[in-house]
file run-v5.csv (CSV, C-alpha atoms)
chain,number,residue,atom,x,y,z
A,40,MET,CA,6.9,-7.2,-5.4
A,41,GLN,CA,3.9,-8.0,-7.6
A,42,LEU,CA,1.0,-9.8,-6.0
A,43,LEU,CA,-1.5,-11.7,-8.1
A,44,VAL,CA,-4.9,-11.8,-6.3
A,45,LEU,CA,-8.4,-12.9,-6.9
A,46,ARG,CA,-10.8,-10.0,-6.1
A,47,LEU,CA,-14.1,-10.8,-4.6
A,48,ASP,CA,-17.7,-9.9,-5.6
A,49,TYR,CA,-19.3,-6.8,-4.1
A,50,ARG,CA,-21.4,-8.5,-1.5
A,51,SER,CA,-18.5,-10.6,-0.2
A,52,SER,CA,-16.2,-7.6,-0.2
A,53,ALA,CA,-18.8,-5.5,1.8
A,54,THR,CA,-19.0,-8.3,4.4
A,55,ILE,CA,-15.3,-8.6,4.7
A,56,GLU,CA,-14.8,-4.8,4.9
A,57,HIS,CA,-17.3,-4.8,7.8
A,58,LEU,CA,-15.2,-7.4,9.7
A,59,GLN,CA,-12.0,-5.5,9.0
A,60,ARG,CA,-13.5,-2.3,10.5
A,61,GLN,CA,-14.6,-4.3,13.6
A,62,LEU,CA,-11.1,-5.6,14.1
A,63,ARG,CA,-9.2,-2.4,13.4
A,64,GLN,CA,-7.5,-0.7,16.3
A,65,PRO,CA,-8.7,2.8,17.0
A,66,ASN,CA,-5.1,4.3,16.6
A,67,ALA,CA,-4.2,2.4,13.4
A,68,ASN,CA,-3.1,4.6,10.6
A,69,THR,CA,-2.5,2.0,7.9
A,70,ALA,CA,-5.2,1.5,5.2
A,71,LEU,CA,-7.0,-1.8,5.1
A,72,GLN,CA,-6.3,-4.0,2.1
A,73,LEU,CA,-9.1,-4.6,-0.4
A,74,PRO,CA,-10.8,-7.9,0.1
A,75,HIS,CA,-9.0,-10.6,-1.9
A,76,ILE,CA,-7.6,-14.1,-2.0
A,77,PRO,CA,-3.8,-13.9,-2.6
A,78,LEU,CA,-2.7,-16.3,-5.3
A,79,LEU,CA,1.0,-15.8,-6.4
A,80,ALA,CA,3.8,-13.3,-5.7
A,81,PHE,CA,6.5,-12.2,-8.1
A,82,GLU,CA,9.7,-10.2,-7.6
A,83,GLN,CA,11.1,-7.6,-10.0
A,84,THR,CA,8.4,-8.3,-12.6
A,85,ALA,CA,7.0,-5.8,-15.1
A,86,PRO,CA,3.2,-5.9,-14.5
A,87,LEU,CA,2.3,-5.6,-18.1
A,88,GLN,CA,4.5,-8.5,-19.1
A,89,LEU,CA,2.9,-10.5,-16.4
A,90,LYS,CA,-0.5,-9.5,-17.7
A,91,ALA,CA,0.4,-10.6,-21.2
A,92,ALA,CA,1.4,-14.1,-19.9
A,93,LEU,CA,-1.7,-14.5,-17.7
A,94,GLN,CA,-4.5,-12.8,-19.7
A,95,PRO,CA,-5.4,-15.8,-21.8
A,96,ILE,CA,-6.1,-17.8,-18.7
A,97,ALA,CA,-8.0,-15.1,-17.0
A,98,GLU,CA,-10.2,-14.4,-20.0
A,99,SER,CA,-11.1,-18.1,-20.4
A,100,THR,CA,-12.0,-18.5,-16.7
A,101,GLN,CA,-15.5,-18.4,-15.3
A,102,ALA,CA,-16.1,-16.5,-12.0
A,103,ILE,CA,-15.2,-18.9,-9.2
A,104,ALA,CA,-17.5,-19.6,-6.2
A,105,PHE,CA,-15.8,-19.9,-2.8
A,106,HIS,CA,-16.9,-20.7,0.7
A,107,ALA,CA,-15.2,-19.5,3.9
A,108,SER,CA,-16.3,-21.0,7.1
A,109,ASP,CA,-13.3,-20.9,9.4
A,110,ILE,CA,-11.4,-18.1,11.1
A,111,GLY,CA,-7.6,-18.4,11.2
A,112,PHE,CA,-4.8,-16.6,13.0
A,113,SER,CA,-1.1,-16.7,12.3
A,114,LYS,CA,1.5,-15.4,14.9
A,115,ASN,CA,3.8,-14.9,11.9
A,116,GLY,CA,2.7,-11.4,10.9
A,117,GLU,CA,0.2,-11.2,13.7
A,118,ARG,CA,-2.7,-11.6,11.2
A,119,PHE,CA,-6.3,-12.8,11.1
A,120,TYR,CA,-7.8,-14.4,8.0
A,121,LEU,CA,-10.7,-16.4,6.8
A,122,GLN,CA,-9.9,-19.9,5.6
A,123,VAL,CA,-11.3,-20.6,2.1
A,124,GLN,CA,-12.3,-24.2,1.4
A,125,PRO,CA,-10.4,-25.3,-1.7
A,126,THR,CA,-12.4,-26.2,-4.8
A,127,VAL,CA,-11.4,-27.9,-8.0
A,128,ALA,CA,-12.0,-24.6,-9.9
A,129,LEU,CA,-9.9,-22.6,-7.5
A,130,ASP,CA,-7.1,-25.1,-7.6
A,131,GLU,CA,-7.2,-25.3,-11.4
A,132,LEU,CA,-7.0,-21.5,-11.7
A,133,TYR,CA,-4.1,-21.4,-9.2
A,134,ASN,CA,-2.2,-24.1,-11.0
A,135,SER,CA,-2.8,-22.6,-14.4
A,136,LEU,CA,-1.6,-19.2,-13.3
A,137,LYS,CA,1.5,-20.7,-11.6
A,138,LEU,CA,2.4,-22.6,-14.7
A,139,ALA,CA,1.9,-19.6,-17.0
A,140,GLY,CA,4.0,-17.4,-14.6
A,141,HIS,CA,6.9,-19.9,-14.3
A,142,GLY,CA,9.2,-17.7,-16.4
A,143,PHE,CA,8.9,-14.8,-13.9
A,144,GLN,CA,10.9,-14.6,-10.7
A,145,SER,CA,8.8,-16.0,-7.9
A,146,GLY,CA,8.4,-14.0,-4.7
A,147,LEU,CA,7.5,-15.2,-1.3
A,148,GLU,CA,5.6,-18.4,-1.1
A,149,LEU,CA,1.9,-17.7,-0.3
A,150,PRO,CA,-0.1,-20.1,1.8
A,151,TRP,CA,-2.3,-22.6,0.0
A,152,PRO,CA,-5.1,-23.6,0.5
A,153,PRO,CA,-6.3,-20.0,0.1
A,154,ARG,CA,-7.1,-17.4,2.7
A,155,ILE,CA,-8.8,-14.1,2.8
A,156,PRO,CA,-6.6,-11.7,4.8
A,157,LEU,CA,-8.6,-9.6,7.3
A,158,ILE,CA,-6.0,-7.6,9.3
A,159,SER,CA,-2.4,-7.9,10.3
A,160,LYS,CA,0.2,-6.5,12.7
A,161,ILE,CA,-2.0,-7.0,15.8
A,162,PRO,CA,-0.2,-6.5,19.1
A,163,ALA,CA,0.0,-9.7,21.2
A,164,PRO,CA,-2.3,-8.4,24.1
A,165,PHE,CA,-5.2,-8.0,21.6
A,166,TRP,CA,-5.0,-11.5,19.9
A,167,GLY,CA,-7.5,-13.2,22.3
A,168,PRO,CA,-10.0,-10.4,22.6
A,169,LEU,CA,-10.0,-9.7,18.8
A,170,PHE,CA,-10.4,-13.4,18.0
A,171,ALA,CA,-13.3,-13.6,20.4
A,172,ARG,CA,-14.9,-10.6,18.8
A,173,LEU,CA,-14.3,-12.0,15.3
A,174,ALA,CA,-15.9,-15.3,16.3
A,175,LEU,CA,-19.0,-13.5,17.4
A,176,GLU,CA,-19.2,-11.3,14.3
A,177,PHE,CA,-18.4,-13.9,11.6
A,178,ASN,CA,-20.9,-16.1,9.8
A,179,PRO,CA,-19.8,-18.5,7.1
A,180,LEU,CA,-19.4,-16.7,3.8
A,181,ASP,CA,-20.3,-17.8,0.3
A,182,GLY,CA,-19.1,-15.6,-2.5
A,183,THR,CA,-17.5,-15.3,-6.0
A,184,GLY,CA,-14.0,-14.5,-7.2
A,185,ALA,CA,-14.8,-11.8,-9.8
A,186,ALA,CA,-11.5,-10.6,-11.1
A,187,ILE,CA,-7.8,-11.3,-11.2
A,188,GLU,CA,-5.7,-8.3,-10.3
A,189,CYS,CA,-2.0,-7.5,-10.2
A,190,TRP,CA,-0.9,-5.4,-7.3
A,191,SER,CA,2.5,-3.8,-6.8
A,192,VAL,CA,3.4,-3.8,-3.1
A,193,ILE,CA,6.2,-1.5,-1.8
A,194,GLY,CA,6.4,-1.4,2.0
A,195,ASN,CA,2.9,-0.7,3.2
A,196,ARG,CA,1.8,0.8,-0.1
A,197,THR,CA,-0.2,-1.2,-2.6
A,198,THR,CA,-1.0,0.0,-6.2
A,199,VAL,CA,-3.5,-1.9,-8.5
A,200,GLU,CA,-1.6,-2.3,-11.8
A,201,TRP,CA,-4.3,-4.1,-13.8
A,202,SER,CA,-7.6,-6.1,-13.4
A,203,ILE,CA,-9.1,-8.7,-15.6
A,204,PHE,CA,-12.8,-9.5,-14.8
A,205,LEU,CA,-13.8,-13.2,-15.0
A,206,ASP,CA,-16.8,-14.3,-17.0
A,207,SER,CA,-20.0,-14.4,-14.9
call {"tool": "encode", "arguments": {"input": "run-v5.csv", "output": "structure tokens"}}
result
Amino acid sequence: MQLLVLRLDYRSSATIEHLQRQLRQPNANTALQLPHIPLLAFEQTAPLQLKAALQPIAESTQAIAFHASDIGFSKNGERFYLQVQPTVALDELYNSLKLAGHGFQSGLELPWPPRIPLISKIPAPFWGPLFARLALEFNPLDGTGAAIECWSVIGNRTTVEWSIFLDS
């Protein structure tokens, strides 16, 4: 599966990585995902062909400001996330990329409005205590989407295929 994501600026990424480390279970052996906003998923798509189709949009897009003020939890996948408030710029980028990628085989439907994943596969007994800890640690976050990346995801392994930095 190829996952198209909006990578975040350094300051926002550092804040999110701190939250991820706070939530991580001591015996966890899986790597934490890089801080990002998932945009679109594709199946059996050549990453460089996808880049050729999406590059004109990415190169003409300014860096996108975002605001995350709410914590979310989904029992499906046992995951915590930050809810990003939708903006016109973020919606326009999403819709433009979706339209440009319509010729490729779509993968799983990602939630919209956007979210910043923090951690997944949390055992049920830890849901409440971790949510309480996250609520104490988290402050509203303002940041910038700095790059569009294509990741290839196979099982629990993620490889960054390409990055296009947005104009700042």
call {"tool": "atom_distance", "arguments": {"input": "run-v5.csv", "atom1": "atom CA of A:Lys90", "atom2": "atom CA of A:Leu129"}}
result
19.1 Å
call {"tool": "residues_around", "arguments": {"input": "run-v5.csv", "residues": "A:Leu205", "least_positions_apart": "3", "cutoff": "9 Å", "atoms": "only C-alpha atoms", "output": "PyMOL selection string"}}
result
chain A and resi 97-103+184-187
call {"tool": "residues_near_point", "arguments": {"input": "run-v5.csv", "point": "(-1.5, -5.2, 13.0)", "cutoff": "10 Å", "atoms": "all atoms listed in the file", "output": "list in words"}}
result
Leu62, Arg63, Gln64, Ala67, Thr69, Gly116, Glu117, Arg118, Phe119, Ile158, Ser159, Lys160, Ile161, Pro162, Ala163, Phe165 and Trp166 of chain A
call {"tool": "write_last_selection", "arguments": {"input": "run-v5.csv", "atoms": "C-alpha atoms", "output": "PDB file, in the frame of the given file"}}
result
ATOM      1  CA  LEU A  62     -11.100  -5.600  14.100  1.00  0.00           C
ATOM      2  CA  ARG A  63      -9.200  -2.400  13.400  1.00  0.00           C
ATOM      3  CA  GLN A  64      -7.500  -0.700  16.300  1.00  0.00           C
ATOM      4  CA  ALA A  67      -4.200   2.400  13.400  1.00  0.00           C
ATOM      5  CA  THR A  69      -2.500   2.000   7.900  1.00  0.00           C
ATOM      6  CA  GLY A 116       2.700 -11.400  10.900  1.00  0.00           C
ATOM      7  CA  GLU A 117       0.200 -11.200  13.700  1.00  0.00           C
ATOM      8  CA  ARG A 118      -2.700 -11.600  11.200  1.00  0.00           C
ATOM      9  CA  PHE A 119      -6.300 -12.800  11.100  1.00  0.00           C
ATOM     10  CA  ILE A 158      -6.000  -7.600   9.300  1.00  0.00           C
ATOM     11  CA  SER A 159      -2.400  -7.900  10.300  1.00  0.00           C
ATOM     12  CA  LYS A 160       0.200  -6.500  12.700  1.00  0.00           C
ATOM     13  CA  ILE A 161      -2.000  -7.000  15.800  1.00  0.00           C
ATOM     14  CA  PRO A 162      -0.200  -6.500  19.100  1.00  0.00           C
ATOM     15  CA  ALA A 163       0.000  -9.700  21.200  1.00  0.00           C
ATOM     16  CA  PHE A 165      -5.200  -8.000  21.600  1.00  0.00           C
ATOM     17  CA  TRP A 166      -5.000 -11.500  19.900  1.00  0.00           C
TER      18      TRP A 166
END
call {"tool": "residues_around", "arguments": {"input": "run-v5.csv", "residues": "A:Gly142", "least_positions_apart": "6", "cutoff": "12 Å", "atoms": "only C-alpha atoms", "output": "PDB file with C-alpha atoms, keeping the file's coordinate frame"}}
result
ATOM      1  CA  PHE A  81       6.500 -12.200  -8.100  1.00  0.00           C
ATOM      2  CA  GLU A  82       9.700 -10.200  -7.600  1.00  0.00           C
ATOM      3  CA  THR A  84       8.400  -8.300 -12.600  1.00  0.00           C
ATOM      4  CA  GLN A  88       4.500  -8.500 -19.100  1.00  0.00           C
ATOM      5  CA  LEU A  89       2.900 -10.500 -16.400  1.00  0.00           C
ATOM      6  CA  ALA A  92       1.400 -14.100 -19.900  1.00  0.00           C
ATOM      7  CA  LEU A  93      -1.700 -14.500 -17.700  1.00  0.00           C
ATOM      8  CA  LEU A 136      -1.600 -19.200 -13.300  1.00  0.00           C
TER       9      LEU A 136
END
call {"tool": "atom_distance", "arguments": {"input": "run-v5.csv", "atom1": "atom CA of A:Phe170", "atom2": "atom CA of A:Gln122"}}
result
14.0 Å
call {"tool": "atom_distance", "arguments": {"input": "run-v5.csv", "atom1": "atom CA of A:Gly182", "atom2": "atom CA of A:Phe105"}}
result
5.4 Å
call {"tool": "closest_residue", "arguments": {"input": "run-v5.csv", "among": "A:Glu176, A:Asp109, A:Asp130, A:Asp181", "to": "A:Tyr49", "atoms": "only C-alpha atoms"}}
result
A:Asp181
